[in-house]
Every structure is written in structure tokens, then in C-alpha cells.
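Undergrad: Input structure: run_19.pdb, which contains PDB, C-alpha atoms and all ligand atoms.
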```pdb
ATOM      1  CA  MET A   1      -6.854  -0.898  21.431  1.00  0.00           C
ATOM      2  CA  ASP A   2      -4.539  -0.211  18.523  1.00  0.00           C
ATOM      3  CA  PRO A   3      -6.685   2.096  16.331  1.00  0.00           C
ATOM      4  CA  LEU A   4      -5.529   0.544  13.068  1.00  0.00           C
ATOM      5  CA  PHE A   5      -6.290  -2.948  14.358  1.00  0.00           C
ATOM      6  CA  LYS A   6      -9.735  -1.808  15.435  1.00  0.00           C
ATOM      7  CA  GLU A   7     -10.343  -0.208  12.045  1.00  0.00           C
ATOM      8  CA  GLU A   8      -9.242  -3.384  10.270  1.00  0.00           C
ATOM      9  CA  MET A   9     -11.523  -5.546  12.427  1.00  0.00           C
ATOM     10  CA  LEU A  10     -14.523  -3.290  11.847  1.00  0.00           C
ATOM     11  CA  ASP A  11     -13.796  -3.199   8.145  1.00  0.00           C
ATOM     12  CA  ASN A  12     -13.643  -7.005   7.950  1.00  0.00           C
ATOM     13  CA  ILE A  13     -16.886  -7.364   9.874  1.00  0.00           C
ATOM     14  CA  LYS A  14     -18.609  -4.696   7.782  1.00  0.00           C
ATOM     15  CA  ARG A  15     -17.674  -6.585   4.638  1.00  0.00           C
ATOM     16  CA  ASP A  16     -18.713  -9.980   6.045  1.00  0.00           C
ATOM     17  CA  ARG A  17     -15.127 -11.171   6.178  1.00  0.00           C
ATOM     18  CA  TYR A  18     -15.663 -12.936   9.462  1.00  0.00           C
ATOM     19  CA  PHE A  19     -12.933 -15.474   8.859  1.00  0.00           C
ATOM     20  CA  GLN A  20     -10.309 -12.762   8.312  1.00  0.00           C
ATOM     21  CA  ALA A  21     -11.583 -10.909  11.374  1.00  0.00           C
ATOM     22  CA  PHE A  22     -11.346 -14.111  13.390  1.00  0.00           C
ATOM     23  CA  GLU A  23      -7.828 -14.826  12.111  1.00  0.00           C
ATOM     24  CA  SER A  24      -6.555 -11.319  12.951  1.00  0.00           C
ATOM     25  CA  LEU A  25      -8.125 -11.466  16.396  1.00  0.00           C
ATOM     26  CA  LYS A  26      -6.699 -14.945  16.992  1.00  0.00           C
ATOM     27  CA  ALA A  27      -3.227 -13.753  16.004  1.00  0.00           C
ATOM     28  CA  LYS A  28      -3.618 -10.752  18.282  1.00  0.00           C
ATOM     29  CA  LEU A  29      -4.820 -12.842  21.227  1.00  0.00           C
ATOM     30  CA  GLU A  30      -2.091 -15.405  20.801  1.00  0.00           C
ATOM     31  CA  GLU A  31       0.275 -12.464  20.758  1.00  0.00           C
ATOM     32  CA  LYS A  32       1.971 -13.994  17.831  1.00  0.00           C
ATOM     33  CA  ASP A  33       4.357 -11.266  16.948  1.00  0.00           C
ATOM     34  CA  THR A  34       4.969 -10.499  13.318  1.00  0.00           C
ATOM     35  CA  TYR A  35       8.522 -11.780  13.624  1.00  0.00           C
ATOM     36  CA  SER A  36       7.432 -15.322  14.489  1.00  0.00           C
ATOM     37  CA  LEU A  37       4.722 -15.152  11.829  1.00  0.00           C
ATOM     38  CA  TYR A  38       7.426 -14.208   9.356  1.00  0.00           C
ATOM     39  CA  THR A  39       9.743 -17.040  10.430  1.00  0.00           C
ATOM     40  CA  GLU A  40       6.858 -19.492  10.136  1.00  0.00           C
ATOM     41  CA  TRP A  41       5.988 -18.189   6.684  1.00  0.00           C
ATOM     42  CA  TRP A  42       9.612 -18.185   5.523  1.00  0.00           C
ATOM     43  CA  GLU A  43       9.898 -21.881   6.347  1.00  0.00           C
ATOM     44  CA  THR A  44       6.637 -22.891   4.703  1.00  0.00           C
ATOM     45  CA  LYS A  45       6.329 -20.538   1.716  1.00  0.00           C
ATOM     46  CA  THR A  46       5.861 -22.113  -1.689  1.00  0.00           C
ATOM     47  CA  LYS A  47       8.111 -21.595  -4.706  1.00  0.00           C
ATOM     48  CA  GLU A  48       5.440 -19.331  -6.235  1.00  0.00           C
ATOM     49  CA  GLU A  49       5.260 -17.255  -3.053  1.00  0.00           C
ATOM     50  CA  SER A  50       9.048 -16.821  -3.117  1.00  0.00           C
ATOM     51  CA  GLU A  51       8.688 -15.567  -6.681  1.00  0.00           C
ATOM     52  CA  VAL A  52       6.036 -13.075  -5.611  1.00  0.00           C
ATOM     53  CA  LEU A  53       8.358 -11.836  -2.862  1.00  0.00           C
ATOM     54  CA  ASP A  54      11.233 -11.425  -5.343  1.00  0.00           C
ATOM     55  CA  LYS A  55       8.995  -9.453  -7.675  1.00  0.00           C
ATOM     56  CA  ALA A  56       7.808  -7.294  -4.780  1.00  0.00           C
ATOM     57  CA  TYR A  57      11.426  -6.423  -3.986  1.00  0.00           C
ATOM     58  CA  ASP A  58      12.021  -5.448  -7.614  1.00  0.00           C
ATOM     59  CA  TYR A  59       8.843  -3.375  -7.833  1.00  0.00           C
ATOM     60  CA  GLU A  60       9.646  -1.666  -4.543  1.00  0.00           C
ATOM     61  CA  GLU A  61      12.920  -0.419  -6.019  1.00  0.00           C
ATOM     62  CA  GLU A  62      11.421   0.502  -9.347  1.00  0.00           C
ATOM     63  CA  TYR A  63       8.076   2.083  -8.530  1.00  0.00           C
ATOM     64  CA  PHE A  64       7.768   3.141  -4.908  1.00  0.00           C
ATOM     65  CA  SER A  65      10.434   5.709  -4.069  1.00  0.00           C
ATOM     66  CA  ASP A  66       7.603   8.240  -3.578  1.00  0.00           C
ATOM     67  CA  LEU A  67       5.462   6.266  -1.126  1.00  0.00           C
ATOM     68  CA  ARG A  68       8.645   5.180   0.629  1.00  0.00           C
ATOM     69  CA  LEU A  69       9.466   8.886   1.140  1.00  0.00           C
ATOM     70  CA  ILE A  70      12.842   8.519  -0.575  1.00  0.00           C
ATOM     71  CA  ASP A  71      11.819  11.181  -3.110  1.00  0.00           C
ATOM     72  CA  TYR A  72      10.962  13.585  -0.292  1.00  0.00           C
ATOM     73  CA  LYS A  73      13.759  12.641   2.062  1.00  0.00           C
ATOM     74  CA  ASP A  74      15.594  15.961   2.026  1.00  0.00           C
ATOM     75  CA  GLU A  75      12.418  17.943   2.445  1.00  0.00           C
ATOM     76  CA  LEU A  76      11.071  15.787   5.248  1.00  0.00           C
ATOM     77  CA  PHE A  77      14.102  14.901   7.245  1.00  0.00           C
ATOM     78  CA  ALA A  78      16.912  17.304   6.500  1.00  0.00           C
ATOM     79  CA  VAL A  79      17.732  19.377   9.500  1.00  0.00           C
ATOM     80  CA  LYS A  80      20.768  21.495  10.025  1.00  0.00           C
ATOM     81  CA  ILE A  81      22.464  20.858  13.295  1.00  0.00           C
ATOM     82  CA  PHE A  82      24.771  23.407  14.821  1.00  0.00           C
ATOM     83  CA  ASP A  83      27.641  21.501  16.295  1.00  0.00           C
ATOM     84  CA  ASP A  84      30.878  22.934  17.589  1.00  0.00           C
ATOM     85  CA  LYS A  85      30.567  26.166  15.613  1.00  0.00           C
ATOM     86  CA  GLU A  86      29.826  24.231  12.478  1.00  0.00           C
ATOM     87  CA  PHE A  87      26.594  23.490  10.664  1.00  0.00           C
ATOM     88  CA  ILE A  88      26.317  19.833   9.861  1.00  0.00           C
ATOM     89  CA  ASP A  89      23.677  18.404   7.578  1.00  0.00           C
ATOM     90  CA  SER A  90      21.839  15.657   9.338  1.00  0.00           C
ATOM     91  CA  PHE A  91      18.798  13.486   8.857  1.00  0.00           C
ATOM     92  CA  GLU A  92      16.386  13.156  11.676  1.00  0.00           C
ATOM     93  CA  GLY A  93      13.610  10.634  11.693  1.00  0.00           C
ATOM     94  CA  GLU A  94      15.107   8.386   9.078  1.00  0.00           C
ATOM     95  CA  ASP A  95      13.965   5.369  11.063  1.00  0.00           C
ATOM     96  CA  ILE A  96      10.672   5.682   9.236  1.00  0.00           C
ATOM     97  CA  LEU A  97      12.458   4.820   6.002  1.00  0.00           C
ATOM     98  CA  TYR A  98      13.347   1.427   7.444  1.00  0.00           C
ATOM     99  CA  LYS A  99       9.688   0.752   8.088  1.00  0.00           C
ATOM    100  CA  LEU A 100       8.599   1.789   4.619  1.00  0.00           C
ATOM    101  CA  THR A 101       9.775  -1.383   2.972  1.00  0.00           C
ATOM    102  CA  ILE A 102       8.455  -4.889   2.484  1.00  0.00           C
ATOM    103  CA  ASP A 103      11.842  -5.939   3.840  1.00  0.00           C
ATOM    104  CA  ASP A 104      10.444  -5.162   7.292  1.00  0.00           C
ATOM    105  CA  GLY A 105       8.907  -8.621   7.706  1.00  0.00           C
ATOM    106  CA  TRP A 106       6.060  -8.455   5.176  1.00  0.00           C
ATOM    107  CA  ARG A 107       4.730 -11.811   4.031  1.00  0.00           C
ATOM    108  CA  PHE A 108       3.143 -12.726   0.713  1.00  0.00           C
ATOM    109  CA  LYS A 109       0.665 -15.566   0.455  1.00  0.00           C
ATOM    110  CA  LEU A 110      -1.078 -16.968  -2.575  1.00  0.00           C
ATOM    111  CA  VAL A 111      -4.659 -17.948  -1.782  1.00  0.00           C
ATOM    112  CA  ASP A 112      -7.883 -19.129  -3.383  1.00  0.00           C
ATOM    113  CA  TYR A 113     -10.818 -16.815  -2.729  1.00  0.00           C
ATOM    114  CA  ASP A 114     -14.468 -17.757  -3.055  1.00  0.00           C
ATOM    115  CA  ASP A 115     -15.045 -14.256  -4.320  1.00  0.00           C
ATOM    116  CA  GLU A 116     -13.456 -14.291  -7.755  1.00  0.00           C
ATOM    117  CA  THR A 117     -13.572 -10.502  -8.066  1.00  0.00           C
ATOM    118  CA  CYS A 118     -11.134  -9.949  -5.210  1.00  0.00           C
ATOM    119  CA  GLY A 119      -7.501  -9.817  -6.349  1.00  0.00           C
ATOM    120  CA  GLY A 120      -5.893  -9.545  -2.942  1.00  0.00           C
ATOM    121  CA  LEU A 121      -5.969  -8.288   0.609  1.00  0.00           C
ATOM    122  CA  THR A 122      -3.435  -6.475   2.752  1.00  0.00           C
ATOM    123  CA  SER A 123      -3.328  -6.634   6.523  1.00  0.00           C
ATOM    124  CA  TYR A 124      -1.284  -4.040   8.342  1.00  0.00           C
ATOM    125  CA  THR A 125      -1.463  -5.719  11.735  1.00  0.00           C
ATOM    126  CA  GLU A 126      -0.299  -9.038  10.347  1.00  0.00           C
ATOM    127  CA  LYS A 127       2.123  -7.564   7.796  1.00  0.00           C
ATOM    128  CA  LEU A 128       0.499  -9.866   5.305  1.00  0.00           C
ATOM    129  CA  VAL A 129      -0.299  -9.485   1.624  1.00  0.00           C
ATOM    130  CA  GLU A 130      -2.623 -12.074   0.167  1.00  0.00           C
ATOM    131  CA  ILE A 131      -2.809 -12.438  -3.583  1.00  0.00           C
ATOM    132  CA  SER A 132      -5.508 -14.497  -5.254  1.00  0.00           C
ATOM    133  CA  ASN A 133      -4.110 -17.351  -7.342  1.00  0.00           C
ATOM    134  CA  THR A 134      -6.457 -16.180 -10.096  1.00  0.00           C
ATOM    135  CA  TYR A 135      -4.890 -12.722 -10.053  1.00  0.00           C
ATOM    136  CA  ASN A 136      -1.242 -13.587  -9.481  1.00  0.00           C
ATOM    137  CA  ASN A 137       0.164 -10.926 -11.802  1.00  0.00           C
ATOM    138  CA  LYS A 138       2.119  -7.684 -11.797  1.00  0.00           C
ATOM    139  CA  ASP A 139      -0.906  -5.386 -11.669  1.00  0.00           C
ATOM    140  CA  THR A 140      -2.456  -7.061  -8.634  1.00  0.00           C
ATOM    141  CA  LEU A 141       0.850  -7.127  -6.789  1.00  0.00           C
ATOM    142  CA  LEU A 142       1.396  -3.416  -7.460  1.00  0.00           C
ATOM    143  CA  HIS A 143      -2.173  -2.726  -6.288  1.00  0.00           C
ATOM    144  CA  GLU A 144      -1.604  -4.532  -2.988  1.00  0.00           C
ATOM    145  CA  MET A 145       1.810  -2.938  -2.538  1.00  0.00           C
ATOM    146  CA  ILE A 146       0.202   0.506  -2.666  1.00  0.00           C
ATOM    147  CA  HIS A 147      -1.958  -0.658   0.248  1.00  0.00           C
ATOM    148  CA  VAL A 148       1.159  -1.756   2.165  1.00  0.00           C
ATOM    149  CA  TYR A 149       2.880   1.625   1.953  1.00  0.00           C
ATOM    150  CA  GLU A 150      -0.285   3.668   2.474  1.00  0.00           C
ATOM    151  CA  LEU A 151      -1.010   1.775   5.706  1.00  0.00           C
ATOM    152  CA  ILE A 152       2.519   2.335   6.995  1.00  0.00           C
ATOM    153  CA  LEU A 153       2.386   6.025   6.023  1.00  0.00           C
ATOM    154  CA  LYS A 154      -0.971   6.290   7.773  1.00  0.00           C
ATOM    155  CA  SER A 155       0.514   4.892  10.978  1.00  0.00           C
ATOM    156  CA  TYR A 156       3.076   7.727  10.895  1.00  0.00           C
ATOM    157  CA  GLN A 157       0.458  10.278   9.858  1.00  0.00           C
ATOM    158  CA  LEU A 158       2.451  11.006   6.728  1.00  0.00           C
ATOM    159  CA  ASP A 159      -0.201   9.856   4.258  1.00  0.00           C
ATOM    160  CA  ASP A 160      -1.573  13.387   3.843  1.00  0.00           C
ATOM    161  CA  PHE A 161       1.868  14.711   2.996  1.00  0.00           C
ATOM    162  CA  VAL A 162       2.374  12.170   0.202  1.00  0.00           C
ATOM    163  CA  LEU A 163      -1.201  12.665  -0.947  1.00  0.00           C
ATOM    164  CA  LEU A 164      -0.558  16.362  -1.593  1.00  0.00           C
ATOM    165  CA  LYS A 165       2.736  15.587  -3.344  1.00  0.00           C
ATOM    166  CA  LEU A 166       1.059  13.126  -5.693  1.00  0.00           C
ATOM    167  CA  TYR A 167      -1.826  15.500  -6.322  1.00  0.00           C
ATOM    168  CA  ASP A 168       0.543  18.343  -7.279  1.00  0.00           C
ATOM    169  CA  GLU A 169       2.492  16.012  -9.509  1.00  0.00           C
ATOM    170  CA  LEU A 170      -0.505  14.554 -11.323  1.00  0.00           C
ATOM    171  CA  LEU A 171      -2.655  17.640 -11.693  1.00  0.00           C
ATOM    172  CA  PRO A 172      -0.799  19.000 -14.746  1.00  0.00           C
ATOM    173  CA  LYS A 173      -0.402  15.531 -16.240  1.00  0.00           C
ATOM    174  CA  VAL A 174      -3.921  14.127 -16.036  1.00  0.00           C
ATOM    175  CA  LYS A 175      -6.702  16.004 -17.692  1.00  0.00           C
ATOM    176  CA  ASN A 176      -9.818  15.927 -15.536  1.00  0.00           C
ATOM    177  CA  LEU A 177      -8.007  14.437 -12.562  1.00  0.00           C
ATOM    178  CA  LYS A 178     -10.608  15.978 -10.302  1.00  0.00           C
ATOM    179  CA  ASN A 179     -13.360  14.199 -12.228  1.00  0.00           C
ATOM    180  CA  LEU A 180     -11.650  10.877 -11.642  1.00  0.00           C
ATOM    181  CA  ILE A 181     -11.243  11.633  -7.948  1.00  0.00           C
ATOM    182  CA  ASN A 182     -14.884  12.640  -7.689  1.00  0.00           C
ATOM    183  CA  LEU A 183     -15.969   9.277  -9.040  1.00  0.00           C
ATOM    184  CA  ASP A 184     -14.729   7.740  -5.821  1.00  0.00           C
ATOM    185  CA  LYS A 185     -16.119  10.228  -3.362  1.00  0.00           C
ATOM    186  CA  HIS A 186     -19.243   8.138  -2.807  1.00  0.00           C
ATOM    187  CA  ILE A 187     -19.251   6.375   0.546  1.00  0.00           C
ATOM    188  CA  ALA A 188     -19.797   3.016  -1.165  1.00  0.00           C
ATOM    189  CA  PHE A 189     -16.310   3.230  -2.692  1.00  0.00           C
ATOM    190  CA  LYS A 190     -14.612   4.067   0.582  1.00  0.00           C
ATOM    191  CA  GLU A 191     -12.367   1.011   0.329  1.00  0.00           C
ATOM    192  CA  HIS A 192      -9.665   2.888  -1.551  1.00  0.00           C
ATOM    193  CA  SER A 193      -8.193   6.071  -0.185  1.00  0.00           C
ATOM    194  CA  LEU A 194      -7.460   9.164  -2.207  1.00  0.00           C
ATOM    195  CA  LEU A 195      -3.766   8.454  -1.751  1.00  0.00           C
ATOM    196  CA  PHE A 196      -4.341   4.998  -3.219  1.00  0.00           C
ATOM    197  CA  ILE A 197      -6.242   6.396  -6.199  1.00  0.00           C
ATOM    198  CA  LEU A 198      -3.538   8.946  -7.033  1.00  0.00           C
ATOM    199  CA  LYS A 199      -0.685   6.469  -6.740  1.00  0.00           C
ATOM    200  CA  SER A 200      -2.541   3.918  -8.874  1.00  0.00           C
ATOM    201  CA  ILE A 201      -3.080   6.565 -11.569  1.00  0.00           C
ATOM    202  CA  LYS A 202       0.598   7.536 -11.401  1.00  0.00           C
ATOM    203  CA  LEU A 203       1.611   3.905 -11.901  1.00  0.00           C
ATOM    204  CA  ASP A 204      -0.812   3.574 -14.828  1.00  0.00           C
ATOM    205  CA  LEU A 205       0.924   6.544 -16.471  1.00  0.00           C
ATOM    206  CA  GLU A 206       4.411   5.169 -15.811  1.00  0.00           C
ATOM    207  CA  LEU A 207       3.519   1.757 -17.179  1.00  0.00           C
ATOM    208  CA  GLY A 208       1.649   3.106 -20.194  1.00  0.00           C
ATOM    209  CA  TYR A 209      -1.596   1.488 -19.012  1.00  0.00           C
ATOM    210  CA  ASN A 210      -5.097   2.782 -19.439  1.00  0.00           C
ATOM    211  CA  LEU A 211      -5.962   4.831 -16.368  1.00  0.00           C
ATOM    212  CA  GLY A 212      -7.738   2.680 -13.798  1.00  0.00           C
ATOM    213  CA  THR A 213      -5.829  -0.526 -14.621  1.00  0.00           C
ATOM    214  CA  ILE A 214      -3.952  -0.808 -11.333  1.00  0.00           C
ATOM    215  CA  TYR A 215      -7.023   0.221  -9.347  1.00  0.00           C
ATOM    216  CA  ALA A 216      -9.063  -2.482 -11.200  1.00  0.00           C
ATOM    217  CA  TYR A 217     -12.672  -3.021  -9.996  1.00  0.00           C
ATOM    218  CA  GLY A 218     -14.002  -1.649 -13.290  1.00  0.00           C
ATOM    219  CA  ARG A 219     -12.155   1.664 -12.996  1.00  0.00           C
ATOM    220  CA  GLU A 220     -10.624   1.360 -16.456  1.00  0.00           C
ATOM    221  CA  ASP A 221     -14.019   1.718 -18.153  1.00  0.00           C
ATOM    222  CA  LEU A 222     -15.318   4.195 -15.600  1.00  0.00           C
ATOM    223  CA  TYR A 223     -12.283   6.458 -16.032  1.00  0.00           C
ATOM    224  CA  ALA A 224     -12.382   6.212 -19.840  1.00  0.00           C
ATOM    225  CA  ASP A 225     -15.947   7.540 -19.772  1.00  0.00           C
ATOM    226  CA  ASN A 226     -14.947  10.437 -17.549  1.00  0.00           C
ATOM    227  CA  LEU A 227     -11.688  11.575 -19.068  1.00  0.00           C
ATOM    228  CA  ILE A 228     -13.355  13.960 -21.457  1.00  0.00           C
TER     229      ILE A 228
HETATM  230 ZN    ZN A 301      -7.410  -2.579  -2.995  1.00  0.00          ZN
END
```
The structure in this file should be written as C-alpha cells.
TA:
Amino acid sequence: MDPLFKEEMLDNIKRDRYFQAFESLKAKLEEKDTYSLYTEWWETKTKEESEVLDKAYDYEEEYFSDLRLIDYKDELFAVKIFDDKEFIDSFEGEDILYKLTIDDGWRFKLVDYDDETCGGLTSYTEKLVEISNTYNNKDTLLHEMIHVYELILKSYQLDDFVLLKLYDELLPKVKNLKNLINLDKHIAFKEHSLLFILKSIKLDLELGYNLGTIYAYGREDLYADNLI
């Protein structure tokens, strides 16, 4: 079984999200490929969902060149090829860059959750981002978009690489960064990866937000208490 699918199923079951687990399994069993899911969604999406998609495209351009590996392109992919007595610069493995975009069939749905504290959910296997109608705003969309790219990076085992890049970048900029990271080391907070935490902090800095805003789930207050 696809390890990411298995992980997603177990995660849903662990968090009592039986309906989501059922839906993912149903999609898997029906072998509904993501392309047909996308076509179906494209034909039925609401005006608000189209707006969310447009915003996601804008944010992708503006805020995610790091998670999309564009910032590290030369370092990751540049290889010199010796061809006919000449060295030619070439890029190997650039295919990954075409996967690291929401333009690769990702769908955005606006939903009503019973749990009012949940702003959204991202499914890698279904290429689906759900945003709660209550939390249909920039911060929630950016939060879910971090999940999108981290899951794709994970599937290519490149999440660790970006994690170290973000850590190096943020360490001189955020006083007590390690304290903030340590707040999430408890197993109960396992929902958000270290890569997620660092990218959310980086976005907070870029947007002039209080640290913890993009992460949400009370992190703004928690971080404020631990910055000193
Ligand atoms: Zn999240």
C-alpha cells in the first residue's frame, strides 16, 4: 500500500475522522484518479471556490518559491554535463518542479465543519484542500498551502533538505527559535511537522504578523510567552 495513503488513513482514524477515512478509501477503491476528480470539481466548483483557487495561484507565486524548490534550484539540480568536448550547464530532475505546484490538479473546496476550531484539511492522495467556510481567509489558505507543498516534498524525500534551509535562514532572525520549536516537540502536537512550523514562522515574519499566526491553534499566545 502507498505509504502516504496508509499514513493518512491511520491519521484520520486516530483523530476520529471516520468520514474522511471512508471517503479517501472509497476514492481509492473506485480508482478515481485525481484527474477525473479534478474535472468533476472544475465543473461543479462554486464562485467562492474559484476565488480561493485564484488566490492560491497568487500566493504560490508570492510566498512559496522556497517550498517549491525554486530558490534552491541551482543547488539541487544543476549538473554539468560534458558533451562533445564542451561543458554544458543542465538541470536534471526538474520534473519535480512541475509537481510542486497547485497547478498539478489540486482542488479547493469550501466546507462546513462541525468542529469550529478546524480551519482546513489537506489530503495528499486526493490532491484536495478543504477550507472551512468560517475560516475562508488568507491565513488559513496559506496554512493549508504549506501542508500541500510539505506533503509533495515528503513524497520526494526532499522535506529534510528544505527543513535545514529554513532553519539556517530563520536561526539568525528569530530570537529563541529553538524555544518555539521545542514547544511542539510533545507527541500530542505531532500534527504539524517541523518543516511546517518553520515555514509558518517565516511567513509570519514576511507578512509582519505576530509569530504563530499562520500556525494558528493558539500558537500566537504560546509563542509570545516563549519569545523571551
Ligand atoms: Zn495544519
Undergrad: Could you please extract the residues within 9 Å of ligand ZN 301 (chain A), counting all atoms listed in the file, and hand them back as a PDB file with C-alpha atoms, in the frame of the given file?
TA:
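Heads up, here's the output in pocket-v9.pdb:
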```pdb
ATOM      1  CA  CYS A 118     -11.134  -9.949  -5.210  1.00  0.00           C
ATOM      2  CA  GLY A 119      -7.501  -9.817  -6.349  1.00  0.00           C
ATOM      3  CA  GLY A 120      -5.893  -9.545  -2.942  1.00  0.00           C
ATOM      4  CA  LEU A 121      -5.969  -8.288   0.609  1.00  0.00           C
ATOM      5  CA  THR A 122      -3.435  -6.475   2.752  1.00  0.00           C
ATOM      6  CA  THR A 140      -2.456  -7.061  -8.634  1.00  0.00           C
ATOM      7  CA  HIS A 143      -2.173  -2.726  -6.288  1.00  0.00           C
ATOM      8  CA  GLU A 144      -1.604  -4.532  -2.988  1.00  0.00           C
ATOM      9  CA  ILE A 146       0.202   0.506  -2.666  1.00  0.00           C
ATOM     10  CA  HIS A 147      -1.958  -0.658   0.248  1.00  0.00           C
ATOM     11  CA  GLU A 191     -12.367   1.011   0.329  1.00  0.00           C
ATOM     12  CA  HIS A 192      -9.665   2.888  -1.551  1.00  0.00           C
ATOM     13  CA  PHE A 196      -4.341   4.998  -3.219  1.00  0.00           C
ATOM     14  CA  TYR A 215      -7.023   0.221  -9.347  1.00  0.00           C
ATOM     15  CA  ALA A 216      -9.063  -2.482 -11.200  1.00  0.00           C
ATOM     16  CA  TYR A 217     -12.672  -3.021  -9.996  1.00  0.00           C
TER      17      TYR A 217
END
```
Undergrad: Could you state which residues are captured by the PyMOL selection byres (((chain A and resi 210) around 10) and not hetatm) in this file, as a list of chain:residue names?
TA: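 Written out, the selection comes to A:Ile201, A:Asp204, A:Leu205, A:Leu207, A:Gly208, A:Tyr209, A:Leu211, A:Gly212, A:Thr213, A:Ile214, A:Arg219, A:Glu220, A:Asp221, A:Tyr223, A:Ala224.
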Undergrad: To test your reading of the syntax: which residues would the PyMOL selection byres (((chain A and resi 198) around 10) and not hetatm) return for the file shown? Reply as a list of chain:residue names.
TA: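 Given this file, the PyMOL selection byres (((chain A and resi 198) around 10) and not hetatm) evaluates to A:Val162, A:Leu163, A:Leu164, A:Lys165, A:Leu166, A:Tyr167, A:Glu169, A:Leu170, A:Leu171, A:Leu177, A:Leu180, A:Ile181, A:Ser193, A:Leu194, A:Leu195, A:Phe196, A:Ile197, A:Lys199, A:Ser200, A:Ile201, A:Lys202, A:Leu203, A:Asp204, A:Tyr215.
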Undergrad: Choose the residue, out of A:Asp74, A:Glu8, A:Asp58, A:Asp225, that has the smallest atom-to-atom separation from A:Thr125; count all atoms listed in the file.
TA: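 Smallest separation from A:Thr125 among the options: A:Glu8.
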Undergrad: So that I can see what lies close to A:Tyr98, please list as a ChimeraX atom specification the residues with an atom at most 12 Å from it, counting all atoms listed in the file and leaving out residues fewer than 4 positions away in the same chain.
TA: /A:68-70,93-94,102-105,149,152-153
Undergrad: Where does the PyMOL selection byres (((chain A and resi 116) around 12) and not hetatm) land in this file, that is, which residues does it pick, as number ranges by chain?
TA: A: 111-115, 117-120, 131-135, 217
Undergrad: So that I can look at just that part, could you write stretch 27-59 of chain A with C-alpha atoms, as a tab-separated table (two decimals), in the first residue's frame?
TA:
```
chain	number	residue	atom	x	y	z
A	27	ALA	CA	-11.93	7.15	-3.80
A	28	LYS	CA	-9.02	4.73	-3.72
A	29	LEU	CA	-11.23	1.68	-4.24
A	30	GLU	CA	-13.15	3.28	-7.05
A	31	GLU	CA	-9.78	4.08	-8.54
A	32	LYS	CA	-10.99	7.52	-9.22
A	33	ASP	CA	-7.84	9.10	-10.44
A	34	THR	CA	-7.07	12.63	-9.40
A	35	TYR	CA	-7.54	13.81	-12.96
A	36	SER	CA	-11.21	12.80	-13.07
A	37	LEU	CA	-11.71	14.17	-9.56
A	38	TYR	CA	-10.28	17.45	-10.81
A	39	THR	CA	-12.51	17.53	-13.90
A	40	GLU	CA	-15.53	16.82	-11.72
A	41	TRP	CA	-14.55	19.57	-9.31
A	42	TRP	CA	-13.80	22.05	-12.09
A	43	GLU	CA	-17.32	21.62	-13.44
A	44	THR	CA	-19.06	21.92	-10.09
A	45	LYS	CA	-16.92	24.41	-8.15
A	46	THR	CA	-18.66	27.44	-6.72
A	47	LYS	CA	-17.76	31.06	-7.43
A	48	GLU	CA	-16.17	31.29	-3.97
A	49	GLU	CA	-14.09	28.18	-4.62
A	50	SER	CA	-12.85	29.69	-7.90
A	51	GLU	CA	-11.81	32.75	-5.91
A	52	VAL	CA	-9.91	30.59	-3.43
A	53	LEU	CA	-8.12	28.90	-6.34
A	54	ASP	CA	-7.18	32.28	-7.85
A	55	LYS	CA	-5.80	33.43	-4.51
A	56	ALA	CA	-3.87	30.18	-4.14
A	57	TYR	CA	-2.21	30.81	-7.51
A	58	ASP	CA	-1.24	34.32	-6.41
A	59	TYR	CA	0.09	33.16	-3.04
```
